[in-house]
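Structure first, commentary second.
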Amino acid sequence: MRGVLAPRLHCSVRTLQRRLGERGITWKQLLDRTHEQLAHQYLEDEGLSLLAIALLLGYSDQGTFTRSFRRWSGRTPLVYRKTLLSK
């Protein structure tokens, strides 16, 4: 992914890594934060199943997505979605 993004930003992969490092973030952390933000947005869409969200985010299965989401928010995607819908 870095190899795709760096040219779009008109820089080398190493320059992208260095610039992220200057901001105190790694590529993996940036990707993780992006996945977290997208997951929250996707969970607001009742038309998307949890499996569909997992696949949209690049996870190979729903279980892996659920573990990541629990790490980010302390709860499962299903509990998060139910909380959103109850408001």
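FYI, nothing fancy with the structure tokens labels: chains A, B, ... in order, residues from 1 per chain, ligands from 1 as they appear.
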
Long-range neighbours of Leu51 in chain A as JSON, numbers by chain, 8 Å cut-off, only C-alpha atoms, 2 positions minimum in chain: {"A": [49, 53, 54, 55, 61, 62]}

Separation of CA of Leu30 in chain A from CA of Leu43 in chain A in Å: 20.0 Å

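Using only C-alpha atoms, the nearest neighbour of Leu85 in chain A within the list A:Leu16, A:Leu57, A:Asp45, A:Gly63 is A:Asp45.
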
All alpha helix (DSSP H) positions in chain A, as a ChimeraX atom specification: /A:2-8,13-22,27-43,50-56,62-73,77-85

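Residues lying within 12 Å of Leu5 in chain A, counting only C-alpha atoms and ignoring same-chain neighbours fewer than 4 positions away, are Met1, Leu9, His10, Cys11, Ser12, Val13, Arg14, Thr15, Leu16, Gln17, Trp27 and Leu31 of chain A.
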
Atomic separation - CA of Ala39 in chain A relative to CA of Phe69 in chain A, Å: 7.9 Å

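For the residues A:Leu20, A:Val4, A:Leu50, A:Ile25, ranking by smallest atom-to-atom distance to Arg81 in chain A using only C-alpha atoms places A:Leu50 first.
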
Interatomic distance, CA of Thr66 in chain A to CA of Leu78 in chain A (Å, one decimal): 8.7 Å
